[in-house]
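Below is final_6.txt, holding compact mmCIF, N, CA and C atoms.
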# COMPACT_ATOMS: atom_id res chain seq x y z
N MET A 1 -24.93 0.00 -26.93
CA MET A 1 -23.91 0.96 -26.65
C MET A 1 -23.97 2.05 -27.71
N THR A 2 -23.94 3.31 -27.28
CA THR A 2 -24.02 4.40 -28.25
C THR A 2 -22.62 4.82 -28.67
N ALA A 3 -22.49 5.12 -29.91
CA ALA A 3 -21.20 5.56 -30.44
C ALA A 3 -21.07 7.06 -30.27
N THR A 4 -19.91 7.50 -29.89
CA THR A 4 -19.68 8.93 -29.78
C THR A 4 -19.33 9.48 -31.15
N PRO A 5 -19.81 10.67 -31.44
CA PRO A 5 -19.52 11.23 -32.77
C PRO A 5 -18.04 11.59 -32.87
N PRO A 6 -17.50 11.56 -34.04
CA PRO A 6 -16.09 11.93 -34.19
C PRO A 6 -15.91 13.41 -33.88
N PRO A 7 -14.73 13.79 -33.38
CA PRO A 7 -14.51 15.21 -33.05
C PRO A 7 -14.52 16.07 -34.30
N SER A 8 -15.05 17.27 -34.12
CA SER A 8 -15.10 18.20 -35.26
C SER A 8 -13.73 18.83 -35.47
N ARG A 9 -13.58 19.53 -36.56
CA ARG A 9 -12.31 20.19 -36.88
C ARG A 9 -11.98 21.25 -35.83
N ALA A 10 -12.99 21.95 -35.32
CA ALA A 10 -12.76 22.98 -34.31
C ALA A 10 -12.24 22.36 -33.01
N ASP A 11 -12.76 21.16 -32.68
CA ASP A 11 -12.30 20.49 -31.48
C ASP A 11 -10.85 20.04 -31.60
N LEU A 12 -10.43 19.67 -32.79
CA LEU A 12 -9.07 19.21 -32.98
C LEU A 12 -8.06 20.34 -32.89
N ASP A 13 -8.46 21.54 -33.25
CA ASP A 13 -7.56 22.69 -33.22
C ASP A 13 -7.44 23.30 -31.82
N ARG A 14 -8.40 23.03 -30.97
CA ARG A 14 -8.43 23.63 -29.65
C ARG A 14 -7.72 22.71 -28.66
N PRO A 15 -6.81 23.26 -27.81
CA PRO A 15 -6.14 22.41 -26.83
C PRO A 15 -7.12 22.04 -25.71
N SER A 16 -6.86 20.91 -25.09
CA SER A 16 -7.72 20.45 -24.00
C SER A 16 -7.47 21.32 -22.76
N PRO A 17 -8.42 21.34 -21.83
CA PRO A 17 -8.20 22.13 -20.60
C PRO A 17 -6.96 21.68 -19.84
N GLY A 18 -6.67 20.38 -19.86
CA GLY A 18 -5.47 19.89 -19.19
C GLY A 18 -4.20 20.40 -19.84
N ALA A 19 -4.20 20.48 -21.16
CA ALA A 19 -3.03 21.00 -21.87
C ALA A 19 -2.84 22.48 -21.58
N VAL A 20 -3.93 23.23 -21.49
CA VAL A 20 -3.85 24.65 -21.17
C VAL A 20 -3.29 24.84 -19.76
N LEU A 21 -3.77 24.05 -18.82
CA LEU A 21 -3.28 24.13 -17.44
C LEU A 21 -1.80 23.78 -17.37
N ALA A 22 -1.40 22.70 -18.02
CA ALA A 22 0.01 22.30 -18.00
C ALA A 22 0.90 23.38 -18.60
N GLU A 23 0.44 23.99 -19.67
CA GLU A 23 1.23 25.05 -20.31
C GLU A 23 1.35 26.27 -19.41
N SER A 24 0.25 26.64 -18.73
CA SER A 24 0.31 27.81 -17.85
C SER A 24 1.19 27.53 -16.63
N MET A 25 1.18 26.30 -16.13
CA MET A 25 2.04 25.96 -15.01
C MET A 25 3.51 25.98 -15.42
N THR A 26 3.81 25.51 -16.63
CA THR A 26 5.18 25.54 -17.14
C THR A 26 5.66 26.97 -17.30
N GLU A 27 4.81 27.83 -17.84
CA GLU A 27 5.19 29.24 -18.00
C GLU A 27 5.41 29.91 -16.66
N ALA A 28 4.57 29.62 -15.68
CA ALA A 28 4.73 30.21 -14.35
C ALA A 28 6.02 29.73 -13.70
N ALA A 29 6.35 28.46 -13.88
CA ALA A 29 7.59 27.92 -13.32
C ALA A 29 8.81 28.55 -13.96
N GLU A 30 8.74 28.86 -15.25
CA GLU A 30 9.87 29.49 -15.94
C GLU A 30 10.06 30.93 -15.49
N ARG A 31 8.98 31.63 -15.17
CA ARG A 31 9.07 33.01 -14.70
C ARG A 31 9.65 33.08 -13.30
N ARG A 32 9.34 32.08 -12.50
CA ARG A 32 9.79 32.04 -11.11
C ARG A 32 11.20 31.45 -11.07
N GLY A 33 12.09 32.09 -10.37
CA GLY A 33 13.46 31.58 -10.26
C GLY A 33 13.52 30.37 -9.35
N ARG A 34 14.47 29.51 -9.61
CA ARG A 34 14.66 28.33 -8.76
C ARG A 34 15.36 28.75 -7.49
N ARG A 35 14.82 28.29 -6.37
CA ARG A 35 15.43 28.60 -5.07
C ARG A 35 15.58 27.31 -4.29
N ARG A 36 16.71 27.20 -3.66
CA ARG A 36 16.95 26.05 -2.80
C ARG A 36 17.10 26.50 -1.35
N ASP A 37 16.72 27.71 -1.08
CA ASP A 37 16.86 28.28 0.24
C ASP A 37 15.64 27.92 1.09
N VAL A 38 15.87 27.27 2.21
CA VAL A 38 14.76 26.89 3.08
C VAL A 38 14.65 27.84 4.28
N ARG A 39 15.47 28.89 4.30
CA ARG A 39 15.42 29.82 5.42
C ARG A 39 14.05 30.47 5.64
N PRO A 40 13.28 30.76 4.61
CA PRO A 40 11.95 31.34 4.87
C PRO A 40 11.05 30.43 5.73
N LEU A 41 11.30 29.13 5.70
CA LEU A 41 10.52 28.24 6.55
C LEU A 41 10.83 28.45 8.03
N GLY A 42 11.95 29.05 8.32
CA GLY A 42 12.31 29.34 9.71
C GLY A 42 11.32 30.26 10.40
N ARG A 43 10.61 31.04 9.61
CA ARG A 43 9.60 31.93 10.20
C ARG A 43 8.43 31.15 10.79
N LEU A 44 8.32 29.88 10.45
CA LEU A 44 7.25 29.06 11.00
C LEU A 44 7.63 28.42 12.34
N LEU A 45 8.90 28.46 12.71
CA LEU A 45 9.35 27.82 13.95
C LEU A 45 8.62 28.31 15.20
N PRO A 46 8.38 29.62 15.37
CA PRO A 46 7.65 30.05 16.57
C PRO A 46 6.25 29.42 16.66
N PHE A 47 5.64 29.19 15.52
CA PHE A 47 4.32 28.56 15.54
C PHE A 47 4.43 27.06 15.80
N LEU A 48 5.51 26.44 15.32
CA LEU A 48 5.72 25.02 15.56
C LEU A 48 6.04 24.74 17.02
N VAL A 49 6.77 25.66 17.67
CA VAL A 49 7.13 25.48 19.07
C VAL A 49 5.88 25.42 19.95
N ARG A 50 4.86 26.12 19.55
CA ARG A 50 3.61 26.11 20.33
C ARG A 50 2.93 24.74 20.29
N HIS A 51 3.27 23.93 19.31
CA HIS A 51 2.68 22.59 19.16
C HIS A 51 3.78 21.54 19.17
N LYS A 52 4.69 21.71 20.13
CA LYS A 52 5.87 20.87 20.22
C LYS A 52 5.53 19.40 20.40
N GLY A 53 4.54 19.09 21.23
CA GLY A 53 4.17 17.69 21.48
C GLY A 53 3.69 16.99 20.23
N SER A 54 2.79 17.64 19.51
CA SER A 54 2.28 17.04 18.27
C SER A 54 3.38 16.89 17.23
N ALA A 55 4.27 17.87 17.18
CA ALA A 55 5.37 17.80 16.21
C ALA A 55 6.32 16.66 16.55
N LEU A 56 6.59 16.45 17.83
CA LEU A 56 7.47 15.35 18.22
C LEU A 56 6.82 13.99 17.94
N ILE A 57 5.53 13.89 18.20
CA ILE A 57 4.82 12.64 17.91
C ILE A 57 4.81 12.39 16.40
N ALA A 58 4.60 13.44 15.61
CA ALA A 58 4.62 13.30 14.15
C ALA A 58 5.99 12.85 13.68
N GLY A 59 7.04 13.42 14.25
CA GLY A 59 8.40 13.00 13.91
C GLY A 59 8.68 11.56 14.30
N PHE A 60 8.16 11.15 15.45
CA PHE A 60 8.32 9.76 15.88
C PHE A 60 7.66 8.80 14.89
N TRP A 61 6.41 9.09 14.51
CA TRP A 61 5.72 8.20 13.57
C TRP A 61 6.31 8.27 12.17
N LEU A 62 6.92 9.40 11.83
CA LEU A 62 7.65 9.48 10.56
C LEU A 62 8.83 8.52 10.57
N ALA A 63 9.56 8.49 11.67
CA ALA A 63 10.70 7.58 11.77
C ALA A 63 10.24 6.12 11.78
N VAL A 64 9.17 5.83 12.50
CA VAL A 64 8.67 4.45 12.57
C VAL A 64 8.17 3.99 11.20
N SER A 65 7.44 4.85 10.49
CA SER A 65 6.94 4.44 9.17
C SER A 65 8.08 4.27 8.17
N THR A 66 9.13 5.08 8.31
CA THR A 66 10.29 4.93 7.44
C THR A 66 11.00 3.60 7.72
N MET A 67 11.16 3.29 9.00
CA MET A 67 11.80 2.01 9.36
C MET A 67 10.95 0.82 8.90
N ALA A 68 9.64 0.93 9.04
CA ALA A 68 8.77 -0.16 8.59
C ALA A 68 8.82 -0.32 7.08
N SER A 69 8.93 0.80 6.38
CA SER A 69 9.03 0.74 4.92
C SER A 69 10.34 0.07 4.50
N LEU A 70 11.43 0.44 5.14
CA LEU A 70 12.70 -0.21 4.85
C LEU A 70 12.69 -1.67 5.30
N GLY A 71 12.03 -1.94 6.41
CA GLY A 71 11.94 -3.32 6.90
C GLY A 71 11.13 -4.21 5.99
N LEU A 72 10.20 -3.64 5.26
CA LEU A 72 9.39 -4.43 4.34
C LEU A 72 10.26 -5.07 3.26
N THR A 73 11.21 -4.32 2.74
CA THR A 73 12.10 -4.89 1.73
C THR A 73 13.02 -5.94 2.34
N ILE A 74 13.43 -5.72 3.57
CA ILE A 74 14.31 -6.69 4.22
C ILE A 74 13.57 -7.99 4.49
N THR A 75 12.33 -7.90 4.96
CA THR A 75 11.57 -9.13 5.22
C THR A 75 11.18 -9.83 3.92
N ALA A 76 10.93 -9.05 2.87
CA ALA A 76 10.65 -9.69 1.58
C ALA A 76 11.88 -10.44 1.08
N ARG A 77 13.04 -9.83 1.23
CA ARG A 77 14.27 -10.52 0.84
C ARG A 77 14.48 -11.77 1.70
N GLY A 78 14.19 -11.67 2.98
CA GLY A 78 14.32 -12.83 3.86
C GLY A 78 13.37 -13.95 3.48
N ALA A 79 12.16 -13.57 3.09
CA ALA A 79 11.19 -14.59 2.67
C ALA A 79 11.66 -15.28 1.40
N ILE A 80 12.24 -14.53 0.49
CA ILE A 80 12.72 -15.14 -0.76
C ILE A 80 13.97 -15.97 -0.51
N ASP A 81 14.91 -15.42 0.24
CA ASP A 81 16.18 -16.11 0.46
C ASP A 81 16.05 -17.31 1.40
N ASN A 82 15.31 -17.15 2.49
CA ASN A 82 15.26 -18.19 3.52
C ASN A 82 13.97 -18.99 3.50
N GLY A 83 12.90 -18.42 2.98
CA GLY A 83 11.61 -19.11 3.03
C GLY A 83 11.54 -20.34 2.15
N PHE A 84 12.29 -20.33 1.06
CA PHE A 84 12.24 -21.46 0.15
C PHE A 84 13.31 -22.49 0.45
N ALA A 85 14.14 -22.23 1.47
CA ALA A 85 15.13 -23.23 1.86
C ALA A 85 14.42 -24.41 2.49
N GLN A 86 14.99 -25.57 2.43
CA GLN A 86 14.45 -26.81 3.01
C GLN A 86 13.04 -27.11 2.46
N GLY A 87 12.87 -26.87 1.20
CA GLY A 87 11.60 -27.20 0.57
C GLY A 87 10.45 -26.29 0.95
N GLY A 88 10.73 -25.10 1.44
CA GLY A 88 9.68 -24.14 1.79
C GLY A 88 9.05 -24.39 3.14
N ALA A 89 9.78 -25.07 4.03
CA ALA A 89 9.22 -25.37 5.35
C ALA A 89 8.96 -24.11 6.18
N ASP A 90 9.79 -23.08 6.01
CA ASP A 90 9.64 -21.86 6.79
C ASP A 90 8.92 -20.75 6.04
N LEU A 91 8.35 -21.06 4.91
CA LEU A 91 7.73 -20.03 4.09
C LEU A 91 6.54 -19.38 4.78
N ASP A 92 5.74 -20.17 5.51
CA ASP A 92 4.58 -19.60 6.19
C ASP A 92 5.00 -18.63 7.29
N VAL A 93 6.09 -18.93 7.98
CA VAL A 93 6.57 -18.03 9.03
C VAL A 93 7.05 -16.72 8.41
N TRP A 94 7.77 -16.81 7.31
CA TRP A 94 8.26 -15.60 6.66
C TRP A 94 7.11 -14.74 6.13
N PHE A 95 6.07 -15.38 5.63
CA PHE A 95 4.93 -14.59 5.15
C PHE A 95 4.15 -13.98 6.30
N LEU A 96 4.13 -14.63 7.46
CA LEU A 96 3.52 -14.01 8.64
C LEU A 96 4.32 -12.78 9.07
N VAL A 97 5.64 -12.89 9.06
CA VAL A 97 6.48 -11.75 9.40
C VAL A 97 6.29 -10.62 8.39
N LEU A 98 6.23 -10.99 7.12
CA LEU A 98 6.00 -10.00 6.07
C LEU A 98 4.65 -9.32 6.24
N GLY A 99 3.62 -10.09 6.54
CA GLY A 99 2.29 -9.52 6.76
C GLY A 99 2.24 -8.62 7.98
N ALA A 100 2.90 -9.04 9.07
CA ALA A 100 2.94 -8.21 10.27
C ALA A 100 3.67 -6.90 10.00
N ASN A 101 4.73 -6.98 9.22
CA ASN A 101 5.45 -5.76 8.85
C ASN A 101 4.58 -4.85 8.00
N ALA A 102 3.82 -5.41 7.09
CA ALA A 102 2.92 -4.60 6.25
C ALA A 102 1.83 -3.94 7.09
N VAL A 103 1.29 -4.66 8.06
CA VAL A 103 0.28 -4.07 8.95
C VAL A 103 0.90 -2.95 9.78
N GLY A 104 2.12 -3.19 10.29
CA GLY A 104 2.82 -2.15 11.04
C GLY A 104 3.10 -0.92 10.20
N LEU A 105 3.47 -1.14 8.94
CA LEU A 105 3.70 -0.02 8.03
C LEU A 105 2.41 0.76 7.81
N GLY A 106 1.31 0.06 7.63
CA GLY A 106 0.03 0.74 7.43
C GLY A 106 -0.37 1.57 8.64
N LEU A 107 -0.23 1.00 9.83
CA LEU A 107 -0.59 1.74 11.04
C LEU A 107 0.33 2.94 11.26
N ALA A 108 1.62 2.73 11.08
CA ALA A 108 2.57 3.83 11.28
C ALA A 108 2.33 4.94 10.27
N THR A 109 2.03 4.58 9.03
CA THR A 109 1.77 5.59 8.00
C THR A 109 0.49 6.36 8.31
N ALA A 110 -0.53 5.66 8.77
CA ALA A 110 -1.79 6.34 9.12
C ALA A 110 -1.58 7.29 10.29
N LEU A 111 -0.85 6.86 11.31
CA LEU A 111 -0.61 7.73 12.46
C LEU A 111 0.29 8.90 12.09
N ARG A 112 1.27 8.67 11.22
CA ARG A 112 2.12 9.76 10.75
C ARG A 112 1.28 10.79 10.01
N TYR A 113 0.44 10.33 9.12
CA TYR A 113 -0.41 11.25 8.35
C TYR A 113 -1.32 12.04 9.30
N PHE A 114 -1.91 11.37 10.28
CA PHE A 114 -2.81 12.04 11.21
C PHE A 114 -2.08 13.14 11.97
N TYR A 115 -0.91 12.82 12.55
CA TYR A 115 -0.22 13.80 13.37
C TYR A 115 0.41 14.92 12.55
N VAL A 116 0.91 14.61 11.36
CA VAL A 116 1.45 15.68 10.50
C VAL A 116 0.33 16.62 10.09
N THR A 117 -0.82 16.08 9.71
CA THR A 117 -1.95 16.91 9.32
C THR A 117 -2.47 17.73 10.49
N LYS A 118 -2.58 17.09 11.65
CA LYS A 118 -3.07 17.78 12.84
C LYS A 118 -2.13 18.92 13.23
N THR A 119 -0.83 18.66 13.20
CA THR A 119 0.14 19.69 13.55
C THR A 119 0.09 20.84 12.53
N GLY A 120 0.01 20.50 11.26
CA GLY A 120 -0.06 21.53 10.23
C GLY A 120 -1.30 22.39 10.35
N GLU A 121 -2.43 21.76 10.60
CA GLU A 121 -3.68 22.52 10.74
C GLU A 121 -3.62 23.45 11.95
N ARG A 122 -3.07 22.96 13.04
CA ARG A 122 -2.98 23.81 14.23
C ARG A 122 -1.99 24.95 14.03
N MET A 123 -0.89 24.67 13.32
CA MET A 123 0.06 25.75 13.03
C MET A 123 -0.58 26.82 12.16
N ILE A 124 -1.33 26.39 11.15
CA ILE A 124 -2.00 27.36 10.27
C ILE A 124 -3.02 28.18 11.07
N ALA A 125 -3.74 27.52 11.97
CA ALA A 125 -4.71 28.24 12.79
C ALA A 125 -4.00 29.24 13.70
N THR A 126 -2.85 28.85 14.24
CA THR A 126 -2.08 29.76 15.09
C THR A 126 -1.54 30.92 14.27
N CYS A 127 -1.10 30.64 13.03
CA CYS A 127 -0.61 31.71 12.15
C CYS A 127 -1.75 32.66 11.76
N ALA A 128 -2.93 32.13 11.60
CA ALA A 128 -4.06 32.94 11.13
C ALA A 128 -4.60 33.87 12.22
N ARG A 129 -4.43 33.51 13.49
CA ARG A 129 -4.96 34.35 14.56
C ARG A 129 -4.39 35.76 14.51
N PRO A 130 -3.06 35.94 14.46
CA PRO A 130 -2.55 37.32 14.40
C PRO A 130 -3.00 38.05 13.13
N CYS A 131 -3.12 37.35 12.04
CA CYS A 131 -3.54 37.99 10.78
C CYS A 131 -4.99 38.43 10.87
N SER A 132 -5.86 37.61 11.45
CA SER A 132 -7.27 37.98 11.53
C SER A 132 -7.50 39.05 12.58
N ALA A 133 -6.67 39.10 13.61
CA ALA A 133 -6.82 40.14 14.62
C ALA A 133 -6.40 41.50 14.08
N ALA A 134 -5.47 41.49 13.12
CA ALA A 134 -4.99 42.77 12.56
C ALA A 134 -6.01 43.39 11.62
N SER A 135 -6.89 42.60 11.05
CA SER A 135 -7.84 43.16 10.07
C SER A 135 -9.13 43.61 10.69

Rewrite the structure from the file as structure tokens, please.
Amino acid sequence: MTATPPPSRADLDRPSPGAVLAESMTEAAERRGRRRDVRPLGRLLPFLVRHKGSALIAGFWLAVSTMASLGLTITARGAIDNGFAQGGADLDVWFLVLGANAVGLGLATALRYFYVTKTGERMIATCARPCSAAS
């Protein structure tokens, strides 16, 4: 194994690229005012309406993945509270339910990601058409 040489004095005085980036991002955030107004996103609604089906499917999978995520904690609690009762006789059933819930969460999350990404890409493409036609 080769030993790395100790850093020189010049290297110690110079900030790392990550530190420079973090500092520039902090400065940019301080220059920009904080806004909690989401009204500018309303300008995207006409583009979203054109992809209503994909947006509804994305919303459906968002709700399903959220319910599966919340259900995971409920089934874990059930496995702990009820699985060890009667000497752990029902523990295998609870772990099967927990595993099925985890698989459902994985599938719902994957489908949510797919449809949200697909809808976003199509909206951006729809937004870009008028811009590219104007130039």

Requested in this report: Please measure the separation of atom CA of Arg112 of chain A and atom CA of Trp61 of chain A, giving the value in Å to one decimal.
Outcome: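 Between atom CA of Arg112 of chain A and atom CA of Trp61 of chain A the gap is 4.8 Å.
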
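Distance check against Lys118 of chain A using only N, CA and C atoms: of A:Leu45, A:Ala28, A:Ala55, A:Ala22, the minimum falls on A:Ala55.
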
Requested in this report: Tell me which protein, DNA and RNA residues are within 6 Å of Phe47 of chain A, counting all atoms listed in the file, leaving out same-chain ones fewer than 4 positions away, and put them as a PyMOL selection string.
Outcome: chain A and resi 43+51+123

Query raised in the report: Running DSSP on the backbone, which parts of segment 11-124 of chain A land in alpha helix (DSSP H), as a PyMOL selection string?
Result: chain A and resi 11-13+17-31+45-49+52-83+91-124

Query raised in the report: From the set A:Val20, A:Ile74, A:Val64, A:Leu41, which residue has the shortest atom-to-atom contact distance to Leu107 of chain A, counting all atoms listed in the file?
Result: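 With all atoms listed in the file as the atom set, the closest residue is A:Val64.
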
Requested in this report: For Leu62 of chain A, list every protein, DNA or RNA residue within 9 Å, evaluated using only C-alpha atoms, and leave out those in the same chain fewer than 4 positions away; present the list as a list of chain:residue names.
Outcome: A:Ile57, A:Ala58, A:Thr66, A:Met67, A:Ala108, A:Thr109, A:Leu111, A:Arg112, A:Tyr113, A:Val116

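Between atom CA of Ala68 of chain A and atom CA of Gly106 of chain A the separation is 8.9 Å.
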
**Report entry** Shell around Ile80 of chain A at 12 Å using only C-alpha atoms, local window under 3 positions removed, as a VMD selection string
**Finding:** chain A and resid 73 to 77 83 to 85 88 90 to 95 98

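Between atom C of Gly71 of chain A and atom C of Gly87 of chain A there is a distance of 22.7 Å.
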
Requested in this report: Would you mind telling me which residue in A:Gly33, A:Pro40, A:Gly104, A:Pro17 lies nearest to Ser65 of chain A when using all atoms listed in the file?
Outcome: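 Between A:Gly33, A:Pro40, A:Gly104, A:Pro17, the residue approaching Ser65 of chain A most closely is A:Gly104.
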
Residue contacts of Thr119 of chain A (6 Å, all atoms listed in the file) excluding same-chain residues fewer than 5 positions away, as a PDB file with N, CA and C atoms, in the frame of the given file:
ATOM      1  N   SER A  54       2.790  17.640  19.510  1.00  0.00           N
ATOM      2  CA  SER A  54       2.280  17.040  18.270  1.00  0.00           C
ATOM      3  C   SER A  54       3.380  16.890  17.230  1.00  0.00           C
ATOM      4  N   ALA A  55       4.270  17.870  17.180  1.00  0.00           N
ATOM      5  CA  ALA A  55       5.370  17.800  16.210  1.00  0.00           C
ATOM      6  C   ALA A  55       6.320  16.660  16.550  1.00  0.00           C
ATOM      7  N   PHE A 114      -1.910  11.370  10.280  1.00  0.00           N
ATOM      8  CA  PHE A 114      -2.810  12.040  11.210  1.00  0.00           C
ATOM      9  C   PHE A 114      -2.080  13.140  11.970  1.00  0.00           C
ATOM     10  N   ILE A 124      -1.330  26.390  11.150  1.00  0.00           N
ATOM     11  CA  ILE A 124      -2.000  27.360  10.270  1.00  0.00           C
ATOM     12  C   ILE A 124      -3.020  28.180  11.070  1.00  0.00           C
TER      13      ILE A 124
END
